[in-house]
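This report refers to the structure that appears directly beneath it.
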Amino acid sequence: MHPILQELSNIGIIPVIRIDNPSDTLPMINALNKGGINCAEITFRSEHAKQAISDISKTYPEILVGAGTVLTIQQAQEAIEAGAKFIISPGLNEEVVKWCIDHDVLIIPGISTASEIEKAMTLGLDTVKFFPAESSGGAKRIKDLSAPYTKMHFIPTGGINQNNMHDYLSLPCVDAIGGSFMLPQELIDSKNWDGIEAKAKEAITSLLNYRLIHIGINTNSKDDASKYATLLSTCFGFKLYEKPKSTFAGEGFELLNAPGPGDHGHIAIYTPYPERAIYQLAKLGINVLEDTITRNKKTSKINFAYLDLDIAGFKFHLINPDVKM
Amino acid sequence: MHPILQELSNIGIIPVIRIDNPSDTLPMINALNKGGINCAEITFRSEHAKQAISDISKTYPEILVGAGTVLTIQQAQEAIEAGAKFIISPGLNEEVVKWCIDHDVLIIPGISTASEIEKAMTLGLDTVKFFPAESSGGAKRIKDLSAPYTKMHFIPTGGINQNNMHDYLSLPCVDAIGGSFMLPQELIDSKNWDGIEAKAKEAITSLLNYRLIHIGINTNSKDDASKYATLLSTCFGFKLYEKPKSTFAGEGFELLNAPGPGDHGHIAIYTPYPERAIYQLAKLGINVLEDTITRNKKTSKINFAYLDLDIAGFKFHLINPDVKM
Amino acid sequence: MHPILQELSNIGIIPVIRIDNPSDTLPMINALNKGGINCAEITFRSEHAKQAISDISKTYPEILVGAGTVLTIQQAQEAIEAGAKFIISPGLNEEVVKWCIDHDVLIIPGISTASEIEKAMTLGLDTVKFFPAESSGGAKRIKDLSAPYTKMHFIPTGGINQNNMHDYLSLPCVDAIGGSFMLPQELIDSKNWDGIEAKAKEAITSLLNYRLIHIGINTNSKDDASKYATLLSTCFGFKLYEKPKSTFAGEGFELLNAPGPGDHGHIAIYTPYPERAIYQLAKLGINVLEDTITRNKKTSKINFAYLDLDIAGFKFHLINPDVKM
């Protein structure tokens, strides 16, 4: 995957921004970044797009800034000159796509039919925008369209918000979603950048959807593990699941047959998207333990990974819905 | 805007007509025209299309007749020779579009995706058909598609009738809708042209959706205006709204601070589409007073205009839902 | 109509098959065939597609095997070399279509908009796939799209199963539907070929939807016919319908004015698709009596036909919903 697409995929949410007031650009980008969203699509629907891209790429060179609603080669050219790292367009304009490919520019054109996907493939692309997402049949349609085009990746945009984003992001072929839901107009109008930061954080929190899913308790033998699990089952009615290295009492308690990671045990944190969690945790200096990673065989997505994190004698691992009881 | 598109937009409804019986053409067009619809799309789904267009353009040269379901250059050529003033096709056929542009012919090809809009733009078009409208996502999808293509105009057709036409026509990017709902087959079969005229009139009435929204009463001072408004409020519980030149009691009574238009006052007639109302009223010899017109700042659509009409000492103005209390 | 399309239309259901295990190919095809489905689309989503097509065309040359998810000229070439009788692709790739036409290969590319249909027509095609069917607006959208393109035929695929297939197949412009609903993964995994055969039979049974709709009783005069019909009406409250050659009592009893086919009378079997019934019955050696066929005037589809079948003194005819009381 193109390294920029890889990073957009790790972020998962691309804010679609129309700059009405040039002085808003930098504080808005700063707020989004502090909230966990270090990318942006600046749309050419506003005349200030070029200036905004230039401002961002100079002041925050680490931000992944791209240009949106690019309808002509001239706009693509202006965007790239201003420092845009990628180009997004609502539809597929062959001339614009070819110009981008010829100039080694990452272009993500919009499509909404199988024939348009074939056109994108013929031009050499492996990632497209799906636009307008909700009114073109939504996640269901992407799922159907992706069936024959197994290598095509999608960035749906249009009508997506915190409530329906998981419908899209849970499809392995969806790299990220675009939207403006974390940028309510009233917060922009009142230059409430703390409010925007909170909205961005809320979007990422909602994306990662962390929750405690089980606690792992170290014991010294399979017998002990089994005994404690049975006791938990007796007390609380939890169902028992025998596993190769442990016994579960319900989904919440894993009794290990031998001391595992952590002096006191471990804690499993659920997230639908371990890659995205790892990306955000790395910003906090918390790294994944590479050799503990396991992946879904079909999609190659991470479904389990220990973190380099120990709190009060507990080690932490991430786990996603792939891993079933 | 192209003058023909401007006029189609003023009419708002384009009857889509398939001529099964050539002798029906002229009485049907006459009935539609008398009912207020002075345009027609004659589709090439019938072999009589060319003849019908020719008959109409000779007998009723003032009628805006166009050709529909034009799938080939040959059909476009025949249509133009017969007197068609515009060409409509269900999909975008590049060859047909280019031929029309080269021959200075107004062409409105069908699209239903963003990429197809880009193709139309690349070819130099600013107005497209959206087909089949209802089963392609309806007005919601046009709204989404128009967001990045702010200059594109749409004429949706397919599944539109009196009940849902306002969903489309209330979008500023929609110039007109196409449909056959004012042409029930049984009325055509029985050559009930009065019935067709009534249906056309019903469609235009439903389009303009006129209703009395307030009466303006002249008083001699702000104090008087306020006093009468308060009395109305006391009697009927109407909410008071103080405005620069008047006080409203509810939405129905405007008490002017000084004598305004009309010896006895004025009457405000609501319509969603003042331009279309002005167009139809002009047919009755009632003209707008140009210097009273105000417009929506964003869409440039008229939202208020006095008419050159005085009934029983009352002047009349049009007002649309833009103007809020 | 192309003879292969004619036969696919007669079968009505095209199984879409992804071969995961090459040794499954022949028993699966055999099971489908025994269940009444003697065609298959082998998709290039699996690397075994070419081999599977080759195996089928060598072992069962009478099976109508085609290649699906063909995205490149190379795949089309491989498919044809292996013995594929037709090529299906999810979208319209102009290069692939042109190659097929140049090499006299039946190609059915996917479309989902009017403009894509125009492209197909421009390339000379009269039959397209509609994909992904359910999430592109379903049968309603095909109906709308087919209105201006009266000569275009459709093979919808994607989300179609026994429950919704009649929505599509009842449209005269739909030749056949594609789907995998008769191939549940668990039956394939367990190599339960009898189960697959049963599923195929169930699909065809559900397609043909046979049921007894009336019994025809021979009498010697209009008076007798009328008398018996009246008696049935008196006894059971059946409504009487007088016809030129008989009187019906309800929809279930036809009293003929003179002895008709069959020593004891005749039996009418309802099916929505007489052509498809005739095709399947011919496999059992039961033939239609050509000179008894009547057709819908608009669609030219058969709506009535006697069979060369006599059971216990009763002759049988097929009848479809066209023929109303």
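Naming works like this for the structure tokens: A, B, ... for the chains as they're shown, residue 1 at the start of each chain, ligands 1 onward in shown order.
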
List the neighbours of Lys119 of chain B out to 10 Å using only C-alpha atoms; skip same-chain residues closer than 4 positions along the sequence, and give me the result as a CSV table (one decimal) with C-alpha atoms, in the first residue's frame.
chain,number,residue,atom,x,y,z
A,91,GLY,CA,-15.8,11.7,-9.6
A,92,LEU,CA,-13.3,10.0,-11.9
A,93,ASN,CA,-11.9,12.5,-14.5
A,94,GLU,CA,-9.6,10.5,-16.7
B,92,LEU,CA,-24.6,10.4,-21.6
B,94,GLU,CA,-20.3,11.2,-25.8
B,111,ILE,CA,-26.2,11.1,-15.6
B,113,THR,CA,-22.9,9.3,-10.8
B,114,ALA,CA,-20.2,11.8,-9.9
B,115,SER,CA,-17.9,10.5,-12.6
B,123,LEU,CA,-17.6,18.2,-22.4
B,124,GLY,CA,-18.6,21.7,-21.5
B,125,LEU,CA,-22.2,21.1,-20.1

With 9 Å as the cut-off and only C-alpha atoms counted, what is the closest atom pair between each nearby residue of chain C and chain B? Distances in Å to one decimal, ordered by chain and number, as a Markdown table.
| residue | atom | partner | partner_atom | distance |
| --- | --- | --- | --- | --- |
| C:Thr113 | CA | B:Ser112 | CA | 6.4 |
| C:Ala114 | CA | B:Gly91 | CA | 4.4 |
| C:Ser115 | CA | B:Gly91 | CA | 3.8 |
| C:Glu116 | CA | B:Gly91 | CA | 7.4 |
| C:Ile117 | CA | B:Gly91 | CA | 7.5 |
| C:Glu118 | CA | B:Asn93 | CA | 6.0 |
| C:Lys119 | CA | B:Asn93 | CA | 6.8 |
| C:Thr122 | CA | B:Asn93 | CA | 8.2 |
| C:Ser136 | CA | B:Ser136 | CA | 7.8 |
| C:Gly137 | CA | B:Ser135 | CA | 5.7 |
| C:Gly138 | CA | B:Ser135 | CA | 8.5 |
| C:Lys140 | CA | B:Ser135 | CA | 6.7 |
| C:Arg141 | CA | B:Ser135 | CA | 5.2 |
| C:Ile142 | CA | B:Ser135 | CA | 8.9 |
| C:Asp144 | CA | B:Pro132 | CA | 6.1 |
| C:Leu145 | CA | B:Pro132 | CA | 6.5 |
| C:Ala147 | CA | B:Arg45 | CA | 8.6 |
| C:Pro148 | CA | B:Thr69 | CA | 6.0 |
| C:Tyr149 | CA | B:Thr69 | CA | 8.3 |
| C:Thr150 | CA | B:Arg45 | CA | 7.9 |

Spatial neighbours of Ala312 of chain B, 12 Å, only C-alpha atoms, chain gap at least 4 places, as a CSV table (one decimal) with all heavy atoms, in the first residue's frame:
chain,number,residue,atom,x,y,z
B,262,GLY,N,-50.9,50.0,-1.3
B,262,GLY,CA,-52.3,49.7,-1.3
B,262,GLY,C,-53.1,50.7,-0.4
B,262,GLY,O,-52.6,51.0,0.7
B,263,ASP,N,-54.2,51.1,-0.9
B,263,ASP,CA,-55.0,52.0,-0.1
B,263,ASP,C,-55.4,51.4,1.2
B,263,ASP,O,-55.4,52.1,2.3
B,263,ASP,CB,-56.3,52.4,-0.9
B,263,ASP,CG,-56.0,53.4,-2.0
B,263,ASP,OD1,-54.8,53.9,-2.1
B,263,ASP,OD2,-56.8,53.6,-2.9
B,264,HIS,N,-55.8,50.2,1.2
B,264,HIS,CA,-56.2,49.5,2.4
B,264,HIS,C,-55.1,48.6,3.0
B,264,HIS,O,-55.3,48.2,4.1
B,264,HIS,CB,-57.5,48.6,2.1
B,264,HIS,CG,-58.7,49.4,1.7
B,264,HIS,ND1,-59.7,48.9,1.0
B,264,HIS,CD2,-59.0,50.7,1.9
B,264,HIS,CE1,-60.6,49.8,0.7
B,264,HIS,NE2,-60.2,50.9,1.2
B,265,GLY,N,-54.1,48.4,2.2
B,265,GLY,CA,-53.0,47.6,2.7
B,265,GLY,C,-52.5,46.6,1.7
B,265,GLY,O,-52.7,46.8,0.5
B,266,HIS,N,-51.9,45.5,2.1
B,266,HIS,CA,-51.4,44.6,1.1
B,266,HIS,C,-51.7,43.1,1.5
B,266,HIS,O,-52.0,42.9,2.7
B,266,HIS,CB,-49.9,44.8,0.8
B,266,HIS,CG,-49.0,44.4,2.0
B,266,HIS,ND1,-48.6,45.3,2.9
B,266,HIS,CD2,-48.5,43.2,2.3
B,266,HIS,CE1,-47.8,44.6,3.8
B,266,HIS,NE2,-47.8,43.4,3.5
B,267,ILE,N,-51.5,42.3,0.5
B,267,ILE,CA,-51.7,40.8,0.8
B,267,ILE,C,-50.5,40.1,0.3
B,267,ILE,O,-50.0,40.3,-0.8
B,267,ILE,CB,-53.0,40.4,0.1
B,267,ILE,CG1,-54.2,40.8,0.9
B,267,ILE,CG2,-53.0,38.9,-0.1
B,267,ILE,CD1,-55.6,40.7,0.2
B,316,PHE,N,-50.5,43.3,-3.9
B,316,PHE,CA,-50.1,41.9,-3.6
B,316,PHE,C,-48.6,41.7,-3.8
B,316,PHE,O,-48.0,42.3,-4.7
B,316,PHE,CB,-50.8,40.9,-4.6
B,316,PHE,CG,-52.2,40.7,-4.3
B,316,PHE,CD1,-53.2,41.7,-4.5
B,316,PHE,CD2,-52.6,39.5,-3.8
B,316,PHE,CE1,-54.5,41.5,-4.2
B,316,PHE,CE2,-54.0,39.2,-3.5
B,316,PHE,CZ,-54.9,40.2,-3.7

(message) I need the residues in segment 45-286 of chain A that are helix (DSSP H, G or I) according to DSSP; give them as number ranges by chain.
(response) A: 49-59, 73-82, 94-102, 114-122, 134-136, 138-146, 165-169, 185-189, 193-208, 222-236, 274-283

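Counting only C-alpha atoms and comparing A:His48, A:Lys297, A:Lys191, A:Lys227, the residue that lies closest to Leu240 of chain A is A:Lys227.
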
(message) At a cut-off of 8 Å, using only C-alpha atoms, what residues contact Ile53 of chain C? Leave out same-chain residues fewer than 6 positions from it and give the result as a list in words.
(response) Ile42, Val65, Gly66, Ala67, Ala79, Ala82, Gly83 and Ala84 of chain C

For the residues in the current selection, export C-alpha atoms as an mmCIF file, in the first residue's frame.
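Result written to result21.cif:
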data_model
loop_
_atom_site.group_PDB
_atom_site.id
_atom_site.type_symbol
_atom_site.label_atom_id
_atom_site.label_comp_id
_atom_site.auth_asym_id
_atom_site.auth_seq_id
_atom_site.Cartn_x
_atom_site.Cartn_y
_atom_site.Cartn_z
ATOM 1 C CA ILE C 42 -17.195 -19.902 -13.148
ATOM 2 C CA VAL C 65 -20.310 -22.896 -19.030
ATOM 3 C CA GLY C 66 -19.165 -19.284 -18.962
ATOM 4 C CA ALA C 67 -16.453 -17.295 -17.222
ATOM 5 C CA ALA C 79 -11.495 -18.555 -20.500
ATOM 6 C CA ALA C 82 -10.545 -23.399 -21.802
ATOM 7 C CA GLY C 83 -13.942 -23.722 -23.454
ATOM 8 C CA ALA C 84 -16.044 -20.932 -21.954
#

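Distances from B:Glu251, B:Ile213, B:Asp102, B:His153 to Met121 of chain B were compared using only C-alpha atoms, and the smallest one belongs to B:His153.
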
(message) If you run DSSP on the backbone here, which positions in segment 100-311 of chain B get strand (DSSP E)? Please write them as number ranges by chain.
(response) B: 107-111, 127-130, 153-156, 177-179, 211-218, 240-242, 246-249, 253-256, 265-270, 294-295, 302-311

(message) Give me, as a count of residues only, all polymer residues having an atom no more than 10 Å from Asn38 of chain C, counting only C-alpha atoms and skipping those fewer than 6 positions away in the same chain.
(response) 16

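The interatomic distance for the pair atom CA of Phe86 of chain B and atom CA of Gly179 of chain B works out to 16.4 Å.
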
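Straight-line separation from atom CA of Glu81 of chain C to atom CA of Ile101 of chain C: 15.6 Å.
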
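Closest approach to Ile278 of chain A among A:Phe181, A:Tyr210, A:Phe253, A:Phe236 is made by A:Tyr210 (distances from only C-alpha atoms).
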
(message) So that I can see what lies close to Ile155 of chain A, please list as a ChimeraX atom specification the residues with an atom at most 6 Å from it, counting only C-alpha atoms and leaving out residues fewer than 5 positions away in the same chain.
(response) /A:129-130,174-177

Can you write out the residues you just picked, keeping N, CA, C and O atoms, as a PDB file, in the first residue's frame?
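Okay, result20.pdb is ready:
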ATOM      1  N   LYS A 129     -12.288   6.697  -4.008  1.00  0.00           N
ATOM      2  CA  LYS A 129     -13.296   7.262  -3.126  1.00  0.00           C
ATOM      3  C   LYS A 129     -14.639   6.648  -3.531  1.00  0.00           C
ATOM      4  O   LYS A 129     -14.861   6.376  -4.710  1.00  0.00           O
ATOM      5  N   PHE A 130     -15.529   6.413  -2.579  1.00  0.00           N
ATOM      6  CA  PHE A 130     -16.891   5.975  -2.912  1.00  0.00           C
ATOM      7  C   PHE A 130     -17.798   7.127  -2.532  1.00  0.00           C
ATOM      8  O   PHE A 130     -17.934   7.447  -1.342  1.00  0.00           O
ATOM      9  N   VAL A 174     -12.231  -1.144   3.170  1.00  0.00           N
ATOM     10  CA  VAL A 174     -12.346   0.299   3.427  1.00  0.00           C
ATOM     11  C   VAL A 174     -11.133   0.769   4.227  1.00  0.00           C
ATOM     12  O   VAL A 174     -10.895   0.305   5.342  1.00  0.00           O
ATOM     13  N   ASP A 175     -10.364   1.681   3.648  1.00  0.00           N
ATOM     14  CA  ASP A 175      -9.155   2.177   4.309  1.00  0.00           C
ATOM     15  C   ASP A 175      -9.473   3.254   5.337  1.00  0.00           C
ATOM     16  O   ASP A 175      -8.846   3.321   6.390  1.00  0.00           O
ATOM     17  N   ALA A 176     -10.389   4.121   4.990  1.00  0.00           N
ATOM     18  CA  ALA A 176     -10.711   5.249   5.866  1.00  0.00           C
ATOM     19  C   ALA A 176     -12.030   5.817   5.387  1.00  0.00           C
ATOM     20  O   ALA A 176     -12.478   5.497   4.289  1.00  0.00           O
ATOM     21  N   ILE A 177     -12.642   6.646   6.223  1.00  0.00           N
ATOM     22  CA  ILE A 177     -13.852   7.339   5.783  1.00  0.00           C
ATOM     23  C   ILE A 177     -13.570   8.840   5.817  1.00  0.00           C
ATOM     24  O   ILE A 177     -12.726   9.307   6.586  1.00  0.00           O
TER      25      ILE A 177
END
